[in-house]
file input_0.txt (compact mmCIF, C-alpha atoms)
# COMPACT_ATOMS: atom_id res chain seq x y z
CA MET C 1 -59.31 71.69 65.87
CA ARG C 2 -57.89 69.34 63.30
CA ARG C 3 -60.27 69.81 60.33
CA PRO C 4 -59.13 73.37 59.46
CA ALA C 5 -55.54 72.13 59.39
CA LEU C 6 -56.49 69.41 56.94
CA LEU C 7 -58.34 71.88 54.73
CA VAL C 8 -55.28 74.12 54.60
CA LEU C 9 -53.23 71.08 53.67
CA ALA C 10 -55.68 70.20 50.92
CA ALA C 11 -55.42 73.73 49.53
CA LEU C 12 -51.64 73.60 49.52
CA LEU C 13 -51.59 70.26 47.76
CA ALA C 14 -54.42 70.94 45.33
CA GLY C 15 -51.99 71.86 42.58
CA TRP C 16 -50.04 68.64 42.81
CA VAL C 17 -50.11 66.11 40.03
CA PRO C 18 -50.06 62.74 41.82
CA SER C 19 -47.49 60.20 40.71
CA THR C 20 -48.77 57.08 39.01
CA ASP C 21 -47.10 53.71 39.28
CA SER C 22 -45.45 54.00 35.88
CA ALA C 23 -44.41 57.63 36.31
CA ALA C 24 -42.97 57.02 39.75
CA ALA C 25 -41.02 53.99 38.59
CA GLY C 26 -38.98 56.13 36.24
CA ALA C 27 -38.25 58.86 38.75
CA ALA C 28 -34.68 59.16 40.04
CA ALA C 29 -35.66 60.20 43.57
CA PRO C 30 -33.52 59.41 46.63
CA CYS C 31 -34.62 56.28 48.41
CA THR C 32 -36.31 56.87 51.76
CA HIS C 33 -37.19 54.18 54.26
CA ARG C 34 -40.71 54.73 55.57
CA LEU C 35 -43.19 53.33 58.02
CA LEU C 36 -46.39 52.25 56.31
CA VAL C 37 -49.30 53.69 58.33
CA LEU C 38 -52.70 52.27 57.41
CA SER C 39 -56.32 52.74 58.44
CA ALA C 40 -59.40 51.18 56.86
CA LEU C 41 -61.80 54.13 57.02
CA PRO C 42 -61.52 57.89 56.42
CA ALA C 43 -62.64 58.53 60.02
CA GLU C 44 -59.66 56.47 61.23
CA LEU C 45 -56.95 58.01 59.05
CA ASP C 46 -58.00 61.67 59.36
CA PRO C 47 -56.75 62.19 62.95
CA LEU C 48 -53.35 60.80 61.88
CA LEU C 49 -53.15 62.91 58.73
CA ALA C 50 -53.94 65.99 60.83
CA LYS C 51 -50.66 65.49 62.69
CA ALA C 52 -48.56 64.77 59.61
CA THR C 53 -46.46 67.03 57.40
CA LEU C 54 -47.14 65.77 53.90
CA THR C 55 -44.91 66.36 50.91
CA ARG C 56 -46.20 64.12 48.15
CA MET C 57 -49.15 62.04 47.02
CA VAL C 58 -48.59 58.82 45.06
CA VAL C 59 -51.36 56.84 43.35
CA VAL C 60 -50.53 53.20 42.70
CA ARG C 61 -53.11 50.81 41.19
CA GLY C 62 -55.97 52.86 42.58
CA ARG C 63 -54.45 53.27 46.06
CA THR C 64 -53.49 56.75 47.24
CA PHE C 65 -50.41 57.00 49.47
CA TYR C 66 -49.62 60.22 51.34
CA LEU C 67 -45.87 60.63 51.91
CA GLY C 68 -44.33 62.84 54.57
CA ARG C 69 -43.36 62.97 58.22
CA LEU C 70 -45.36 61.91 61.25
CA GLU C 71 -44.07 62.20 64.84
CA GLY C 72 -40.45 62.10 63.69
CA ASN C 73 -40.88 59.23 61.21
CA ASP C 74 -40.84 59.18 57.42
CA VAL C 75 -44.18 57.64 56.50
CA ALA C 76 -46.41 56.47 53.69
CA MET C 77 -50.03 56.79 54.86
CA ALA C 78 -53.03 55.22 53.14
CA LEU C 79 -56.53 53.86 53.46
CA SER C 80 -56.42 50.09 53.23
CA GLY C 81 -60.10 49.86 52.43
CA ILE C 82 -62.62 47.70 54.28
CA GLY C 83 -62.06 43.94 54.60
CA LEU C 84 -59.25 41.42 54.47
CA VAL C 85 -58.97 41.40 50.67
CA ASN C 86 -58.56 45.17 50.39
CA ALA C 87 -56.21 45.38 53.37
CA GLY C 88 -53.91 42.63 52.13
CA SER C 89 -53.87 44.06 48.61
CA THR C 90 -53.02 47.58 49.81
CA ALA C 91 -50.15 46.29 51.93
CA ARG C 92 -48.75 44.21 49.05
CA ILE C 93 -48.96 47.19 46.70
CA ALA C 94 -47.03 49.32 49.20
CA PHE C 95 -44.24 46.76 49.60
CA HIS C 96 -44.00 46.38 45.84
CA ARG C 97 -43.97 50.12 45.11
CA PHE C 98 -41.72 51.47 47.86
CA ARG C 99 -38.31 49.88 47.39
CA CYS C 100 -34.63 50.77 47.53
CA GLY C 101 -33.43 48.79 44.55
CA ALA C 102 -33.93 45.13 45.42
CA ARG C 103 -34.58 45.89 49.09
CA ARG C 104 -37.86 46.96 50.66
CA ALA C 105 -38.14 50.61 51.70
CA ILE C 106 -41.01 49.91 54.13
CA SER C 107 -39.25 49.79 57.50
CA GLY C 108 -42.34 48.71 59.44
CA VAL C 109 -46.14 48.74 59.42
CA VAL C 110 -48.57 50.41 61.84
CA PHE C 111 -52.34 49.96 61.68
CA SER C 112 -54.73 52.30 63.50
CA GLY C 113 -58.48 51.84 63.46
CA VAL C 114 -61.66 50.78 65.23
CA ALA C 115 -62.92 47.36 66.24
CA GLY C 116 -65.22 45.44 68.50
CA GLY C 117 -63.78 45.29 72.00
CA PRO C 118 -64.56 44.84 75.68
CA TRP C 119 -65.57 48.45 76.53
CA ILE C 120 -66.32 51.30 74.14
CA GLY C 121 -63.40 53.73 73.91
CA ASP C 122 -60.78 51.21 75.04
CA VAL C 123 -57.70 50.76 72.84
CA MET C 124 -56.57 47.21 72.22
CA VAL C 125 -52.98 46.32 71.29
CA PRO C 126 -52.97 42.53 70.79
CA GLN C 127 -49.72 40.57 70.69
CA ARG C 128 -50.89 38.24 67.94
CA TRP C 129 -53.49 38.22 65.17
CA THR C 130 -55.45 35.56 63.31
CA GLU C 131 -57.99 35.24 60.50
CA ASP C 132 -59.27 31.79 61.38
CA GLY C 133 -58.30 31.04 64.99
CA LYS C 134 -55.75 28.49 63.78
CA SER C 135 -52.78 30.32 62.26
CA TRP C 136 -51.29 33.38 63.94
CA VAL C 137 -49.02 36.34 63.23
CA ARG C 138 -47.23 37.94 66.17
CA VAL C 139 -46.56 41.66 66.41
CA ASP C 140 -42.97 42.80 66.58
CA PRO C 141 -41.63 42.42 70.16
CA LYS C 142 -39.69 45.70 70.07
CA MET C 143 -42.70 47.61 68.71
CA PHE C 144 -44.90 46.09 71.40
CA SER C 145 -42.41 47.05 74.12
CA VAL C 146 -42.20 50.63 72.84
CA ALA C 147 -46.01 50.80 72.66
CA ALA C 148 -46.32 49.54 76.23
CA THR C 149 -44.00 52.27 77.49
CA ALA C 150 -45.51 55.04 75.35
CA SER C 151 -49.08 54.13 76.33
CA ARG C 152 -48.46 55.25 79.92
CA ARG C 153 -48.50 58.86 78.73
CA VAL C 154 -51.67 58.62 76.63
CA LYS C 155 -54.88 60.25 77.86
CA LEU C 156 -57.87 58.66 76.20
CA ALA C 157 -61.10 60.54 75.52
CA ARG C 158 -64.33 59.49 77.18
CA THR C 159 -66.89 61.77 75.51
CA ASN C 160 -67.95 60.79 72.02
CA PRO C 161 -67.47 63.38 69.22
CA ALA C 162 -70.27 63.83 66.73
CA GLY C 163 -67.76 63.29 63.92
CA ASP C 164 -68.22 64.27 60.29
CA PRO C 165 -70.18 61.38 58.75
CA ALA C 166 -70.76 63.14 55.42
CA CYS C 167 -67.20 64.52 55.10
CA THR C 168 -68.54 68.07 54.86
CA GLY C 169 -65.35 69.65 56.19
CA GLN C 170 -66.42 70.34 59.75
CA ASP C 171 -64.09 69.50 62.63
CA PRO C 172 -65.25 66.01 63.71
CA ASP C 173 -64.34 66.78 67.33
CA LEU C 174 -66.13 70.13 67.45
CA ALA C 175 -69.44 68.82 68.81
CA ARG C 176 -69.68 66.27 71.62
CA THR C 177 -72.50 63.86 72.39
CA VAL C 178 -72.47 61.44 75.35
CA SER C 179 -69.76 60.01 77.61
CA VAL C 180 -69.25 56.28 77.94
CA THR C 181 -69.95 54.82 81.37
CA ARG C 182 -66.34 53.85 82.12
CA ALA C 183 -63.08 55.67 81.52
CA PRO C 184 -61.37 54.02 78.52
CA ARG C 185 -58.14 52.08 79.03
CA ILE C 186 -55.31 50.77 76.85
CA LEU C 187 -55.31 46.96 76.85
CA LEU C 188 -51.91 45.49 76.03
CA GLY C 189 -51.69 41.86 74.94
CA GLY C 190 -54.16 39.16 74.07
CA GLN C 191 -55.41 37.98 70.71
CA GLY C 192 -56.90 39.88 67.81
CA LEU C 193 -59.24 38.45 65.16
CA SER C 194 -59.75 39.79 61.64
CA SER C 195 -62.62 38.07 59.84
CA ASP C 196 -63.88 38.09 56.26
CA PRO C 197 -67.67 38.44 56.01
CA PHE C 198 -67.37 39.29 52.31
CA GLY C 199 -66.63 35.78 51.07
CA GLY C 200 -63.19 36.54 49.66
CA ARG C 201 -64.41 39.58 47.69
CA ALA C 202 -63.02 43.11 47.81
CA PHE C 203 -65.60 45.42 49.38
CA PRO C 204 -65.76 48.59 47.20
CA CYS C 205 -65.42 52.10 48.48
CA PHE C 206 -68.08 54.60 47.42
CA PRO C 207 -67.22 58.03 45.91
CA GLY C 208 -68.91 60.47 48.26
CA GLY C 209 -69.42 57.66 50.77
CA GLY C 210 -68.54 59.78 53.81
CA ASP C 211 -66.19 58.91 56.65
CA VAL C 212 -66.91 55.16 56.58
CA PHE C 213 -67.51 54.05 53.00
CA GLY C 214 -65.66 56.86 51.23
CA CYS C 215 -62.62 56.26 49.04
CA TRP C 216 -60.38 58.99 50.48
CA PRO C 217 -59.70 60.83 53.75
CA CYS C 218 -62.16 63.63 54.37
CA GLY C 219 -59.61 66.45 54.56
CA ALA C 220 -56.84 65.47 52.14
CA PRO C 221 -56.43 65.82 48.37
CA HIS C 222 -57.27 62.88 46.17
CA PRO C 223 -57.42 61.88 42.50
CA PRO C 224 -60.66 61.88 40.48
CA PRO C 225 -62.95 58.92 41.26
CA ASP C 226 -62.72 55.83 39.06
CA VAL C 227 -66.44 55.26 38.47
CA ARG C 228 -65.94 52.18 36.29
CA ARG C 229 -63.90 50.47 38.98
CA PHE C 230 -66.54 51.31 41.59
CA VAL C 231 -69.41 49.94 39.49
CA SER C 232 -67.64 46.66 38.72
CA GLY C 233 -66.53 46.27 42.33
CA ALA C 234 -69.96 46.99 43.75
CA ALA C 235 -71.86 44.54 41.53
CA PRO C 236 -71.41 41.44 43.76
CA PHE C 237 -72.76 43.35 46.77
CA VAL C 238 -76.06 44.45 45.23
CA ASP C 239 -77.86 41.36 46.55
CA PRO C 240 -79.43 42.43 49.89
CA ARG C 241 -78.86 38.93 51.25
CA PHE C 242 -75.16 39.72 51.32
CA PHE C 243 -75.64 42.35 54.02
CA SER C 244 -77.92 40.16 56.09
CA GLY C 245 -75.19 37.53 56.05
CA TYR C 246 -72.55 40.13 56.88
CA PHE C 247 -74.26 41.16 60.09
CA GLN C 248 -74.69 37.50 61.04
CA SER C 249 -71.10 36.43 60.32
CA GLN C 250 -69.70 33.70 62.54
CA THR C 251 -66.71 34.24 64.83
CA PRO C 252 -64.13 31.44 65.22
CA LYS C 253 -64.02 29.97 68.71
CA GLY C 254 -61.59 31.59 71.13
CA HIS C 255 -61.18 34.68 73.28
CA TYR C 256 -60.37 37.79 71.27
CA VAL C 257 -59.72 41.15 72.84
CA SER C 258 -60.21 42.85 69.46
CA GLN C 259 -62.30 41.94 66.39
CA ASP C 260 -62.05 43.69 63.02
CA MET C 261 -61.78 42.97 59.31
CA GLU C 262 -58.28 44.10 58.25
CA THR C 263 -55.43 43.85 60.75
CA ALA C 264 -54.46 40.20 60.39
CA ALA C 265 -54.23 40.47 56.59
CA VAL C 266 -51.81 43.40 56.86
CA ALA C 267 -49.83 41.59 59.57
CA LYS C 268 -49.41 38.58 57.26
CA VAL C 269 -48.07 40.73 54.42
CA ALA C 270 -45.66 42.51 56.77
CA ALA C 271 -44.41 39.17 58.13
CA GLY C 272 -43.98 37.82 54.61
CA ASN C 273 -41.76 40.78 53.78
CA GLY C 274 -39.75 40.59 57.01
CA ALA C 275 -41.10 43.92 58.30
CA PRO C 276 -42.12 44.64 61.91
CA PHE C 277 -45.81 45.22 62.54
CA ILE C 278 -48.15 46.49 65.25
CA GLY C 279 -51.86 47.30 65.34
CA PHE C 280 -53.89 49.71 67.49
CA ARG C 281 -57.66 49.26 67.61
CA GLY C 282 -60.14 51.48 69.43
CA ALA C 283 -63.39 49.83 70.56
CA SER C 284 -66.40 51.29 68.76
CA ASP C 285 -68.79 48.63 70.01
CA GLY C 286 -68.85 46.82 73.33
CA LYS C 287 -69.91 47.50 76.92
CA GLY C 288 -70.31 50.95 78.46
CA ASP C 289 -72.89 52.46 76.12
CA PRO C 290 -75.13 54.87 78.09
CA LEU C 291 -77.65 54.82 75.22
CA MET C 292 -77.86 51.01 75.31
CA LEU C 293 -77.80 50.73 71.52
CA PRO C 294 -78.17 47.15 70.21
CA GLY C 295 -74.51 46.39 69.49
CA PHE C 296 -72.90 46.30 66.06
CA PRO C 297 -73.50 48.04 63.68
CA PHE C 298 -75.52 50.61 65.64
CA GLN C 299 -72.84 51.27 68.26
CA PHE C 300 -70.17 51.36 65.56
CA PHE C 301 -71.82 54.16 63.61
CA PHE C 302 -72.41 56.18 66.78
CA TYR C 303 -69.07 55.68 68.59
CA LYS C 304 -66.66 55.24 65.69
CA GLN C 305 -65.09 58.70 66.07
CA LEU C 306 -64.34 58.21 69.77
CA ALA C 307 -62.78 54.84 68.97
CA ALA C 308 -60.80 56.21 66.01
CA ASP C 309 -59.50 59.19 68.01
CA ASN C 310 -58.37 57.01 70.92
CA ALA C 311 -56.66 54.53 68.60
CA ALA C 312 -54.93 57.40 66.80
CA ALA C 313 -53.79 59.00 70.07
CA THR C 314 -52.19 55.72 71.13
CA ALA C 315 -50.64 55.15 67.71
CA LEU C 316 -49.21 58.70 67.67
CA ALA C 317 -47.65 58.22 71.11
CA PHE C 318 -46.10 55.00 69.84
CA LEU C 319 -44.79 56.65 66.66
CA LYS C 320 -43.14 59.44 68.64
CA ALA C 321 -41.47 56.93 70.96
CA TRP C 322 -40.51 54.68 68.04
CA ALA C 323 -38.67 57.55 66.31
CA LEU C 324 -36.68 58.16 69.50
CA SER C 325 -35.90 54.47 69.99
CA ARG C 326 -33.92 54.05 66.79
call {"tool": "encode", "arguments": {"input": "input_0.txt", "output": "structure tokens"}}
result
Amino acid sequence: MRRPALLVLAALLAGWVPSTDSAAAGAAAPCTHRLLVLSALPAELDPLLAKATLTRMVVVRGRTFYLGRLEGNDVAMALSGIGLVNAGSTARIAFHRFRCGARRAISGVVFSGVAGGPWIGDVMVPQRWTEDGKSWVRVDPKMFSVAATASRRVKLARTNPAGDPACTGQDPDLARTVSVTRAPRILLGGQGLSSDPFGGRAFPCFPGGGDVFGCWPCGAPHPPPDVRRFVSGAAPFVDPRFFSGYFQSQTPKGHYVSQDMETAAVAKVAAGNGAPFIGFRGASDGKGDPLMLPGFPFQFFFYKQLAADNAAATALAFLKAWALSR
């Protein structure tokens, strides 16, 4: 069970005073090269944090980064937030903050999360990503090769966990619901699309928003909520017409094995900084639903934990192999 482990971690770290951007800048700490590991939602990052050994928490411009070790790699782990704007901003903040003098200290970027895909529970590992169907960012060839080899040893789950939607502290995998109609598979290659239904605005997280809209992982320590930032960020989204437009957002023409709202933005920032990148996305909505729910967002809210767990399992296998490949 992973939730008790996270609660113990939270207790151990509760006495920490997180570093701020200004405080950390003056610290004379040894420089460590790290993989940046990102997820958009608490439900996506929690299964990765459960496997990590964390040593420090750093808060930079409202983003919380958890530093430590994960499957043999030095890492900085964080929630990117929902949407292209949040994801790109979080990645840029990480590259700006974690440096070895004039050189970047981010040695590579890994994204793990959920998405729309062919069959629920599948894990998609596209070879290139786009925001508009016109310009593309390719994943790192070596990372993709390592992922292809590591994926052969991954056993994906088929039965959907109930999860912990309210972040109450229960193990999200403790209770099981239904099994999807087909055994999930890892799909290597193809194209991934990350779209922006928010019109270029940063979608706000919600203090106490649970495992989807919450601002922090469910089982890790975090700083006090910035209520003023939340209120100002939420104002543009009060209009109910925004959400009706969100669920009717248009998809650029083309065949996409994976569709989400963050990966391409992070890939662009990684490419702009000369860092290798790869993304793992578990399908939370698609075919194979025994309940025959009416697609997104209904399937997403029901199957997100299965998708997040399968994406995390594949990402963890990759991270272990990546540490051995260097």
call {"tool": "residues_around", "arguments": {"input": "input_0.txt", "residues": "Ile120 in chain C", "least_positions_apart": "2", "cutoff": "9 Å", "atoms": "only C-alpha atoms", "output": "compact mmCIF listing (two decimals) with C-alpha atoms, in the frame of the given file"}}
result
# COMPACT_ATOMS: atom_id res chain seq x y z
CA GLY C 116 -65.22 45.44 68.50
CA GLY C 117 -63.78 45.29 72.00
CA PRO C 118 -64.56 44.84 75.68
CA ASP C 122 -60.78 51.21 75.04
CA VAL C 123 -57.70 50.76 72.84
CA ARG C 158 -64.33 59.49 77.18
CA VAL C 180 -69.25 56.28 77.94
CA THR C 181 -69.95 54.82 81.37
CA ARG C 182 -66.34 53.85 82.12
CA PRO C 184 -61.37 54.02 78.52
CA GLY C 282 -60.14 51.48 69.43
CA ALA C 283 -63.39 49.83 70.56
CA SER C 284 -66.40 51.29 68.76
CA ASP C 285 -68.79 48.63 70.01
CA GLY C 286 -68.85 46.82 73.33
CA LYS C 287 -69.91 47.50 76.92
CA GLY C 288 -70.31 50.95 78.46
CA ASP C 289 -72.89 52.46 76.12
CA GLN C 299 -72.84 51.27 68.26
CA TYR C 303 -69.07 55.68 68.59
CA LEU C 306 -64.34 58.21 69.77
CA ALA C 307 -62.78 54.84 68.97
call {"tool": "atom_distance", "arguments": {"input": "input_0.txt", "atom1": "CA of His96 in chain C", "atom2": "CA of Asn73 in chain C"}}
result
20.3 Å
call {"tool": "closest_residue", "arguments": {"input": "input_0.txt", "among": "C:Met77, C:Val137, C:Gly121, C:Phe213", "to": "Ala183 in chain C", "atoms": "all atoms listed in the file"}}
result
C:Gly121
call {"tool": "atom_distance", "arguments": {"input": "input_0.txt", "atom1": "CA of Gly210 in chain C", "atom2": "CA of Leu41 in chain C"}}
result
9.4 Å
call {"tool": "residues_around", "arguments": {"input": "input_0.txt", "residues": "Pro276 in chain C", "least_positions_apart": "5", "cutoff": "8 Å", "atoms": "only C-alpha atoms", "output": "PyMOL selection string"}}
result
chain C and resi 107-109+139-140+143+270-271
call {"tool": "residues_around", "arguments": {"input": "input_0.txt", "residues": "Leu70 in chain C", "least_positions_apart": "4", "cutoff": "12 Å", "atoms": "all atoms listed in the file", "output": "compact mmCIF listing (two decimals) with C-alpha atoms, in the frame of the given file"}}
result
# COMPACT_ATOMS: atom_id res chain seq x y z
CA ARG C 34 -40.71 54.73 55.57
CA LEU C 35 -43.19 53.33 58.02
CA LEU C 36 -46.39 52.25 56.31
CA VAL C 37 -49.30 53.69 58.33
CA PRO C 47 -56.75 62.19 62.95
CA LEU C 48 -53.35 60.80 61.88
CA LEU C 49 -53.15 62.91 58.73
CA ALA C 50 -53.94 65.99 60.83
CA LYS C 51 -50.66 65.49 62.69
CA ALA C 52 -48.56 64.77 59.61
CA THR C 53 -46.46 67.03 57.40
CA LEU C 54 -47.14 65.77 53.90
CA THR C 55 -44.91 66.36 50.91
CA TYR C 66 -49.62 60.22 51.34
CA ASP C 74 -40.84 59.18 57.42
CA VAL C 75 -44.18 57.64 56.50
CA ALA C 76 -46.41 56.47 53.69
CA MET C 77 -50.03 56.79 54.86
CA VAL C 110 -48.57 50.41 61.84
CA ALA C 312 -54.93 57.40 66.80
CA ALA C 315 -50.64 55.15 67.71
CA LEU C 316 -49.21 58.70 67.67
CA ALA C 317 -47.65 58.22 71.11
CA PHE C 318 -46.10 55.00 69.84
CA LEU C 319 -44.79 56.65 66.66
CA LYS C 320 -43.14 59.44 68.64
CA ALA C 321 -41.47 56.93 70.96
CA TRP C 322 -40.51 54.68 68.04
CA ALA C 323 -38.67 57.55 66.31
call {"tool": "closest_residue", "arguments": {"input": "input_0.txt", "among": "C:Ala105, C:Leu84, C:Ala308, C:Ala115", "to": "Ala202 in chain C", "atoms": "only C-alpha atoms"}}
result
C:Leu84
call {"tool": "residues_around", "arguments": {"input": "input_0.txt", "residues": "range 194-201 of chain C", "least_positions_apart": "2", "cutoff": "7 Å", "atoms": "only C-alpha atoms", "output": "list of chain:residue names"}}
result
C:Gly83, C:Leu84, C:Val85, C:Thr130, C:Glu131, C:Gly192, C:Phe203, C:Tyr246, C:Ser249, C:Gln259, C:Asp260, C:Met261, C:Glu262, C:Thr263, C:Ala264
call {"tool": "atom_distance", "arguments": {"input": "input_0.txt", "atom1": "CA of Phe300 in chain C", "atom2": "CA of Leu79 in chain C"}}
result
18.4 Å
call {"tool": "residues_around", "arguments": {"input": "input_0.txt", "residues": "Cys218 in chain C", "least_positions_apart": "3", "cutoff": "7 Å", "atoms": "only C-alpha atoms", "output": "PyMOL selection string"}}
result
chain C and resi 42+46+167+211
call {"tool": "residues_near_point", "arguments": {"input": "input_0.txt", "point": "(-55.4, 59.6, 78.4)", "cutoff": "10 Å", "atoms": "all atoms listed in the file", "output": "NGL selection string"}}
result
:C and (151-158 or 183-186 or 310 or 313-314)
call {"tool": "closest_residue", "arguments": {"input": "input_0.txt", "among": "C:Pro204, C:Pro290, C:Pro141, C:Gly169", "to": "Ile82 in chain C", "atoms": "only C-alpha atoms"}}
result
C:Pro204
call {"tool": "closest_residue", "arguments": {"input": "input_0.txt", "among": "C:Pro165, C:Pro172, C:Gly208, C:Gly88", "to": "Val269 in chain C", "atoms": "only C-alpha atoms"}}
result
C:Gly88
call {"tool": "closest_residue", "arguments": {"input": "input_0.txt", "among": "C:Trp119, C:Met124, C:Thr168, C:Leu67", "to": "Gly295 in chain C", "atoms": "all atoms listed in the file"}}
result
C:Trp119
call {"tool": "closest_residue", "arguments": {"input": "input_0.txt", "among": "C:Thr32, C:Gln170, C:Ser89, C:Asn160", "to": "Lys268 in chain C", "atoms": "only C-alpha atoms"}}
result
C:Ser89
call {"tool": "build_atoms", "arguments": {"input": "input_0.txt", "residues": "range 59-79 of chain C", "atoms": "N, CA and C atoms", "output": "PDB file, in the frame of the given file"}}
result
ATOM      1  N   VAL C  59     -50.245  57.731  43.649  1.00  0.00           N
ATOM      2  CA  VAL C  59     -51.360  56.840  43.350  1.00  0.00           C
ATOM      3  C   VAL C  59     -50.815  55.607  42.643  1.00  0.00           C
ATOM      4  N   VAL C  60     -51.036  54.449  43.243  1.00  0.00           N
ATOM      5  CA  VAL C  60     -50.530  53.200  42.700  1.00  0.00           C
ATOM      6  C   VAL C  60     -51.688  52.202  42.622  1.00  0.00           C
ATOM      7  N   ARG C  61     -52.049  51.810  41.411  1.00  0.00           N
ATOM      8  CA  ARG C  61     -53.110  50.810  41.190  1.00  0.00           C
ATOM      9  C   ARG C  61     -54.370  51.148  41.990  1.00  0.00           C
ATOM     10  N   GLY C  62     -54.748  52.411  41.935  1.00  0.00           N
ATOM     11  CA  GLY C  62     -55.970  52.860  42.580  1.00  0.00           C
ATOM     12  C   GLY C  62     -55.840  53.185  44.049  1.00  0.00           C
ATOM     13  N   ARG C  63     -54.685  52.927  44.648  1.00  0.00           N
ATOM     14  CA  ARG C  63     -54.450  53.270  46.060  1.00  0.00           C
ATOM     15  C   ARG C  63     -53.691  54.578  46.149  1.00  0.00           C
ATOM     16  N   THR C  64     -54.139  55.459  47.048  1.00  0.00           N
ATOM     17  CA  THR C  64     -53.490  56.750  47.240  1.00  0.00           C
ATOM     18  C   THR C  64     -52.642  56.700  48.492  1.00  0.00           C
ATOM     19  N   PHE C  65     -51.340  56.970  48.340  1.00  0.00           N
ATOM     20  CA  PHE C  65     -50.410  57.000  49.470  1.00  0.00           C
ATOM     21  C   PHE C  65     -49.962  58.443  49.691  1.00  0.00           C
ATOM     22  N   TYR C  66     -50.039  58.888  50.944  1.00  0.00           N
ATOM     23  CA  TYR C  66     -49.620  60.220  51.340  1.00  0.00           C
ATOM     24  C   TYR C  66     -48.255  60.112  52.017  1.00  0.00           C
ATOM     25  N   LEU C  67     -47.240  60.730  51.404  1.00  0.00           N
ATOM     26  CA  LEU C  67     -45.870  60.630  51.910  1.00  0.00           C
ATOM     27  C   LEU C  67     -45.520  61.878  52.692  1.00  0.00           C
ATOM     28  N   GLY C  68     -44.749  61.701  53.763  1.00  0.00           N
ATOM     29  CA  GLY C  68     -44.330  62.840  54.570  1.00  0.00           C
ATOM     30  C   GLY C  68     -43.730  62.397  55.874  1.00  0.00           C
ATOM     31  N   ARG C  69     -43.922  63.230  56.900  1.00  0.00           N
ATOM     32  CA  ARG C  69     -43.360  62.970  58.220  1.00  0.00           C
ATOM     33  C   ARG C  69     -44.490  62.942  59.249  1.00  0.00           C
ATOM     34  N   LEU C  70     -44.376  62.026  60.193  1.00  0.00           N
ATOM     35  CA  LEU C  70     -45.360  61.910  61.250  1.00  0.00           C
ATOM     36  C   LEU C  70     -44.651  61.536  62.541  1.00  0.00           C
ATOM     37  N   GLU C  71     -44.687  62.425  63.525  1.00  0.00           N
ATOM     38  CA  GLU C  71     -44.070  62.200  64.840  1.00  0.00           C
ATOM     39  C   GLU C  71     -42.619  61.729  64.724  1.00  0.00           C
ATOM     40  N   GLY C  72     -41.871  62.394  63.822  1.00  0.00           N
ATOM     41  CA  GLY C  72     -40.450  62.100  63.690  1.00  0.00           C
ATOM     42  C   GLY C  72     -40.105  60.951  62.765  1.00  0.00           C
ATOM     43  N   ASN C  73     -41.101  60.364  62.113  1.00  0.00           N
ATOM     44  CA  ASN C  73     -40.880  59.230  61.210  1.00  0.00           C
ATOM     45  C   ASN C  73     -41.231  59.608  59.775  1.00  0.00           C
ATOM     46  N   ASP C  74     -40.431  59.127  58.821  1.00  0.00           N
ATOM     47  CA  ASP C  74     -40.840  59.180  57.420  1.00  0.00           C
ATOM     48  C   ASP C  74     -41.929  58.141  57.226  1.00  0.00           C
ATOM     49  N   VAL C  75     -43.030  58.528  56.604  1.00  0.00           N
ATOM     50  CA  VAL C  75     -44.180  57.640  56.500  1.00  0.00           C
ATOM     51  C   VAL C  75     -44.785  57.645  55.108  1.00  0.00           C
ATOM     52  N   ALA C  76     -45.475  56.554  54.807  1.00  0.00           N
ATOM     53  CA  ALA C  76     -46.410  56.470  53.690  1.00  0.00           C
ATOM     54  C   ALA C  76     -47.744  56.096  54.321  1.00  0.00           C
ATOM     55  N   MET C  77     -48.740  56.968  54.204  1.00  0.00           N
ATOM     56  CA  MET C  77     -50.030  56.790  54.860  1.00  0.00           C
ATOM     57  C   MET C  77     -51.100  56.495  53.807  1.00  0.00           C
ATOM     58  N   ALA C  78     -52.014  55.581  54.129  1.00  0.00           N
ATOM     59  CA  ALA C  78     -53.030  55.220  53.140  1.00  0.00           C
ATOM     60  C   ALA C  78     -54.230  54.587  53.810  1.00  0.00           C
ATOM     61  N   LEU C  79     -55.345  54.635  53.090  1.00  0.00           N
ATOM     62  CA  LEU C  79     -56.530  53.860  53.460  1.00  0.00           C
ATOM     63  C   LEU C  79     -56.373  52.463  52.878  1.00  0.00           C
TER      64      LEU C  79
END
